[in-house]
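Peer 1: Here you go, this is protein_35.cif (mmCIF, C-alpha atoms).
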```cif
data_data
loop_
_atom_site.label_atom_id
_atom_site.label_comp_id
_atom_site.auth_asym_id
_atom_site.auth_seq_id
_atom_site.Cartn_x
_atom_site.Cartn_y
_atom_site.Cartn_z
CA MET A 1 -74.99 -238.24 29.53
CA TRP A 2 -78.17 -237.39 27.56
CA ARG A 3 -77.87 -233.70 28.37
CA GLN A 4 -74.34 -233.60 26.97
CA TYR A 5 -75.48 -235.37 23.81
CA TRP A 6 -78.45 -233.03 23.55
CA VAL A 7 -76.30 -229.91 23.97
CA THR A 8 -73.77 -231.17 21.41
CA LYS A 9 -76.47 -232.03 18.87
CA LYS A 10 -78.25 -228.74 19.50
CA ARG A 11 -75.08 -226.86 18.57
CA GLU A 12 -74.72 -229.06 15.48
CA GLY A 13 -78.32 -228.39 14.50
CA ASN A 14 -79.40 -232.06 14.58
CA ILE A 15 -82.30 -231.60 17.00
CA GLY A 16 -84.41 -234.38 15.44
CA LYS A 17 -81.86 -237.14 15.99
CA ARG A 18 -82.73 -239.75 18.58
CA ASN A 19 -81.09 -238.95 21.90
CA LYS A 20 -81.80 -242.10 23.91
CA LYS A 21 -83.70 -245.37 23.72
CA ILE A 22 -85.33 -246.99 26.75
CA CYS A 23 -86.63 -250.56 26.84
CA LEU A 24 -89.57 -250.71 29.24
CA ASP A 25 -91.21 -253.99 30.24
CA VAL A 26 -94.72 -253.13 31.35
CA ALA A 27 -96.56 -255.57 33.63
CA GLY A 28 -99.53 -253.25 34.04
CA PHE A 29 -101.53 -251.44 31.43
CA GLY A 30 -99.29 -248.45 30.97
CA PHE A 31 -96.39 -246.40 32.26
CA ILE A 32 -95.74 -243.21 34.18
CA PHE A 33 -93.56 -240.15 33.70
CA TYR A 34 -92.49 -238.08 36.69
CA SER A 35 -89.72 -236.07 38.25
CA PRO A 36 -88.75 -237.47 41.70
CA PHE A 37 -89.98 -234.37 43.58
CA SER A 38 -93.55 -235.30 42.63
CA THR A 39 -93.40 -238.70 44.35
CA GLU A 40 -91.62 -237.69 47.57
CA PHE A 41 -94.83 -238.09 49.58
CA ILE A 42 -95.25 -241.78 48.62
CA GLN A 43 -93.88 -244.04 51.36
CA HIS A 44 -91.52 -246.95 50.58
CA GLY A 45 -93.62 -250.08 50.00
CA GLU A 46 -96.88 -248.11 49.82
CA ASP A 47 -99.55 -249.32 47.41
CA TYR A 48 -100.22 -245.91 45.90
CA PHE A 49 -101.88 -247.46 42.87
CA GLU A 50 -104.73 -249.20 44.73
CA THR A 51 -105.25 -246.48 47.34
CA THR A 52 -105.09 -243.48 45.02
CA PHE A 53 -103.87 -243.82 41.43
CA SER A 54 -106.52 -246.31 40.28
CA ASP A 55 -109.05 -243.45 40.44
CA PRO A 56 -109.32 -241.92 36.91
CA ALA A 57 -110.03 -238.48 38.42
CA VAL A 58 -106.71 -238.60 40.32
CA VAL A 59 -104.84 -239.74 37.19
CA GLU A 60 -106.44 -236.91 35.22
CA LYS A 61 -105.56 -234.31 37.89
CA GLN A 62 -101.95 -235.54 38.15
CA ALA A 63 -101.60 -235.42 34.35
CA THR A 64 -102.97 -231.88 34.05
CA GLU A 65 -100.61 -230.74 36.82
CA GLY A 66 -97.63 -232.51 35.22
CA ARG A 67 -96.79 -234.47 38.38
CA ILE A 68 -97.19 -238.25 38.01
CA VAL A 69 -98.25 -238.52 34.39
CA GLY A 70 -99.89 -241.84 33.63
CA VAL A 71 -100.24 -243.18 30.10
CA SER A 72 -102.53 -246.11 29.37
CA THR A 73 -101.23 -248.51 26.73
CA GLY A 74 -104.23 -250.80 27.20
CA THR A 75 -101.93 -253.79 27.49
CA PRO A 76 -98.81 -255.08 29.21
CA GLY A 77 -95.77 -255.80 27.06
CA ARG A 78 -92.38 -254.57 25.97
CA PHE A 79 -92.14 -250.99 24.75
CA PHE A 80 -89.12 -249.29 23.22
CA LEU A 81 -89.22 -245.56 23.90
CA GLU A 82 -87.13 -243.52 21.49
CA ILE A 83 -86.48 -240.10 23.03
CA PHE A 84 -86.17 -236.94 20.92
CA LYS A 85 -85.87 -233.23 21.64
CA GLY A 86 -88.43 -230.80 20.27
CA TYR A 87 -91.66 -231.44 18.42
CA PRO A 88 -92.08 -234.08 15.72
CA GLU A 89 -92.25 -232.92 12.12
CA GLN A 90 -95.66 -232.99 10.41
CA THR A 91 -94.66 -235.93 8.22
CA THR A 92 -93.68 -237.90 11.34
CA LEU A 93 -97.05 -237.13 12.95
CA GLU A 94 -98.86 -238.30 9.83
CA ARG A 95 -97.02 -241.66 9.82
CA HIS A 96 -98.33 -242.62 13.28
CA ILE A 97 -101.74 -243.96 14.24
CA PHE A 98 -101.46 -243.40 17.99
CA LYS A 99 -100.78 -239.84 19.18
CA LEU A 100 -100.85 -238.27 22.62
CA ARG A 101 -99.66 -234.93 23.99
CA LEU A 102 -99.04 -234.47 27.72
CA GLY A 103 -97.13 -232.12 30.00
CA VAL A 104 -94.67 -232.67 32.82
CA GLU A 105 -92.67 -230.56 35.25
CA VAL A 106 -89.03 -231.55 35.71
CA ARG A 107 -86.92 -230.64 38.74
CA ASP A 108 -83.44 -231.76 39.77
CA ARG A 109 -82.67 -232.52 36.11
CA THR A 110 -84.40 -235.91 36.24
CA LEU A 111 -87.33 -237.40 34.36
CA CYS A 112 -88.23 -241.00 35.20
CA ILE A 113 -90.21 -243.44 33.06
CA ARG A 114 -91.58 -246.50 34.85
CA ASP A 115 -94.18 -249.24 34.69
CA LEU A 116 -97.53 -248.11 36.08
CA PHE A 117 -97.55 -251.16 38.37
CA ASP A 118 -94.41 -249.88 40.15
CA LEU A 119 -96.97 -247.83 42.10
CA LEU A 120 -98.31 -251.07 43.67
CA ASN A 121 -95.25 -251.45 45.92
CA TRP A 122 -93.40 -248.15 45.70
CA ASP A 123 -89.64 -247.91 45.68
CA ALA A 124 -88.34 -244.39 45.07
CA GLU A 125 -85.24 -245.74 43.31
CA CYS A 126 -85.82 -245.45 39.60
CA PRO A 127 -83.54 -247.68 37.52
CA ARG A 128 -80.82 -245.51 35.97
CA GLU A 129 -81.57 -246.80 32.48
CA GLN A 130 -85.14 -245.47 32.84
CA MET A 131 -84.03 -241.94 33.73
CA ILE A 132 -83.46 -238.99 31.44
CA ASP A 133 -81.08 -236.21 32.45
CA ILE A 134 -82.81 -233.06 31.24
CA ASP A 135 -82.91 -229.38 32.18
CA ASP A 136 -85.42 -228.32 34.83
CA GLY A 137 -88.62 -226.83 33.49
CA PHE A 138 -91.95 -227.61 31.91
CA TYR A 139 -92.24 -229.87 28.89
CA HIS A 140 -94.73 -230.99 26.33
CA LEU A 141 -94.46 -234.76 25.93
CA THR A 142 -95.57 -235.92 22.51
CA LEU A 143 -95.97 -239.69 22.22
CA LEU A 144 -96.32 -241.38 18.83
CA SER A 145 -96.72 -245.05 18.03
CA ASN A 146 -98.10 -247.56 15.57
CA GLU A 147 -99.33 -251.10 15.91
CA PRO A 148 -96.32 -253.48 15.97
CA GLU A 149 -95.68 -255.69 12.92
CA SER A 150 -97.09 -258.67 14.85
CA GLY A 151 -100.43 -256.88 15.20
CA VAL A 152 -100.26 -257.34 18.98
CA LEU A 153 -100.06 -254.15 21.05
CA GLY A 154 -97.12 -254.24 23.46
CA ASP A 155 -95.15 -256.73 21.35
CA ASP A 156 -91.83 -254.87 21.11
CA GLN A 157 -93.85 -251.76 20.33
CA VAL A 158 -91.89 -248.62 19.47
CA VAL A 159 -93.07 -245.36 21.05
CA GLN A 160 -91.43 -242.12 20.00
CA LEU A 161 -91.30 -239.55 22.79
CA TYR A 162 -90.62 -235.91 21.92
CA LEU A 163 -89.75 -233.44 24.69
CA GLN A 164 -90.33 -229.76 23.99
CA GLU A 165 -89.38 -227.28 26.72
CA LEU A 166 -92.01 -224.64 27.50
CA PRO A 167 -91.98 -221.42 29.58
CA GLU A 168 -94.82 -222.72 31.80
CA MET A 169 -96.92 -225.82 32.37
CA PRO A 170 -99.21 -226.27 29.35
CA ARG A 171 -102.96 -226.16 29.90
CA LEU A 172 -104.17 -229.65 29.19
CA LYS A 173 -107.60 -231.23 29.27
CA TYR A 174 -108.32 -234.91 29.69
CA SER A 175 -111.37 -236.93 30.36
CA GLY A 176 -110.04 -239.69 32.59
CA VAL A 177 -106.78 -241.50 31.91
CA PRO A 178 -104.58 -240.33 29.00
CA THR A 179 -104.52 -243.22 26.51
CA LEU A 180 -101.95 -243.88 23.82
CA CYS A 181 -103.28 -247.05 22.14
#
```
Show the structure stored in the file as structure tokens.

Peer 2:
Amino acid sequence: MWRQYWVTKKREGNIGKRNKKICLDVAGFGFIFYSPFSTEFIQHGEDYFETTFSDPAVVEKQATEGRIVGVSTGTPGRFFLEIFKGYPEQTTLERHIFKLRLGVEVRDRTLCIRDLFDLLNWDAECPREQMIDIDDGFYHLTLLSNEPESGVLGDDQVVQLYLQELPEMPRLKYSGVPTLC
């Protein structure tokens, strides 16, 4: 679905057009990006968050390896992720207060986006509407956002997500948990 749209738009030269929009209700304080291969070791019903992923050093290591990439939003709420291909233009970067660049490895043409608290009671089934069909490979994830009109973070907050394919996993450095807001 998204791949076909992406391929069609790529041929038309409209790379910057939005490819998909995902509504994500976040109960925790952030969300995660991952390709299913990177969570195969987590058992159904396991509390991976409390036993492992609540440790900032683990979150940092996972993010630098592009496995389970956690993003702190600092608040629960409703987030609308607008997905784009490529890198944002300079003018787009300048219009956003919150900016974050991450990396992820994609296999089996699937990138999942889920609430961080899904790790409390793991179910490998990612809702279809929270999945992106994308070519296998390594990607830079560029996240951009602003404070919502209400002034309350997480209140129908729009987050633009740009996916740029790379020849290898980017070298990233974090100190603790990657934070967007």

Peer 1: What does the distance between CA of Phe29 in chain A and CA of Thr179 in chain A come to in Å, to one decimal place?

Peer 2: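 Straight-line distance from CA of Phe29 in chain A to CA of Thr179 in chain A works out to 10.0 Å.
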
Peer 1: Can you pull out the residues contacting Cys23 in chain A? Cut-off 10 Å, using only C-alpha atoms, and skip same-chain residues under 4 positions away; I want them as a PyMOL selection string.

Peer 2: chain A and resi 78-82+129-130+156-158

Peer 1: Grab the CA of Thr91 in chain A to CA of Glu147 in chain A distance for me, in Å with one decimal place.

Peer 2: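 These atoms are spaced 17.6 Å apart.
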
Peer 1: Run through the PyMOL selection byres ((chain A and resi 105) around 6) on the given coordinates and return the selected residues as a PyMOL selection string.

Peer 2: chain A and resi 66+104+106+137-138

Peer 1: Choose the residue, out of A:Gln90, A:Thr73, A:Thr110, A:Asn19, that has the smallest atom-to-atom separation from Phe37 in chain A; count all atoms listed in the file.

Peer 2: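 Distance minimum relative to Phe37 in chain A lands on A:Thr110.
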
Peer 1: Just want the 12 Å neighbourhood of range 161-167 of chain A, counted on only C-alpha atoms, with same-chain residues fewer than 4 positions away dropped. Output as a ChimeraX atom specification.

Peer 2: /A:6,15-22,33,79-89,92-93,98-106,111,113,132-145,171,180

Peer 1: Can you tell me how far CA of Asp47 in chain A sits from CA of Val69 in chain A, in Å to one decimal?

Peer 2: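 The value is 17.0 Å.
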
Peer 1: For a cutoff of 9 Å around the file-coordinate point (-102.7, -244.0, 40.5), which residues qualify once you count all atoms listed in the file? I'd like the result as a PyMOL selection string.

Peer 2: chain A and resi 48-56+58-59+62+68+70+116+119-120

Peer 1: Using all atoms listed in the file, collect all residues at a distance of at most 7 Å from (-105.3, -239.4, 30.9) as written in the file, then present them as a ChimeraX atom specification.

Peer 2: /A:59-60,63,70-71,174-179

Peer 1: Kindly save the residues from that selection, with C-alpha atoms included, as a compact mmCIF listing (two decimals), in the frame of the given file.

Peer 2:
```txt
# COMPACT_ATOMS: atom_id res chain seq x y z
CA VAL A 59 -104.84 -239.74 37.19
CA GLU A 60 -106.44 -236.91 35.22
CA ALA A 63 -101.60 -235.42 34.35
CA GLY A 70 -99.89 -241.84 33.63
CA VAL A 71 -100.24 -243.18 30.10
CA TYR A 174 -108.32 -234.91 29.69
CA SER A 175 -111.37 -236.93 30.36
CA GLY A 176 -110.04 -239.69 32.59
CA VAL A 177 -106.78 -241.50 31.91
CA PRO A 178 -104.58 -240.33 29.00
CA THR A 179 -104.52 -243.22 26.51
```

Peer 1: Name the residues in contact with Cys112 in chain A at a cut-off of 9 Å, using only C-alpha atoms, excluding same-chain residues fewer than 5 positions from it; report them as a PyMOL selection string.

Peer 2: chain A and resi 32-36+126-128+130-132

Peer 1: How would the residues just chosen look if you wrote them out with C-alpha atoms as a short mmCIF file (atom, residue, chain, number, x, y, z; two decimals), in the frame of the given file?

Peer 2:
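Ended up saving to result-v3.cif:
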```cif
data_model
loop_
_atom_site.label_atom_id
_atom_site.label_comp_id
_atom_site.auth_asym_id
_atom_site.auth_seq_id
_atom_site.Cartn_x
_atom_site.Cartn_y
_atom_site.Cartn_z
CA ILE A 32 -95.74 -243.21 34.18
CA PHE A 33 -93.56 -240.15 33.70
CA TYR A 34 -92.49 -238.08 36.69
CA SER A 35 -89.72 -236.07 38.25
CA PRO A 36 -88.75 -237.47 41.70
CA CYS A 126 -85.82 -245.45 39.60
CA PRO A 127 -83.54 -247.68 37.52
CA ARG A 128 -80.82 -245.51 35.97
CA GLN A 130 -85.14 -245.47 32.84
CA MET A 131 -84.03 -241.94 33.73
CA ILE A 132 -83.46 -238.99 31.44
#
```
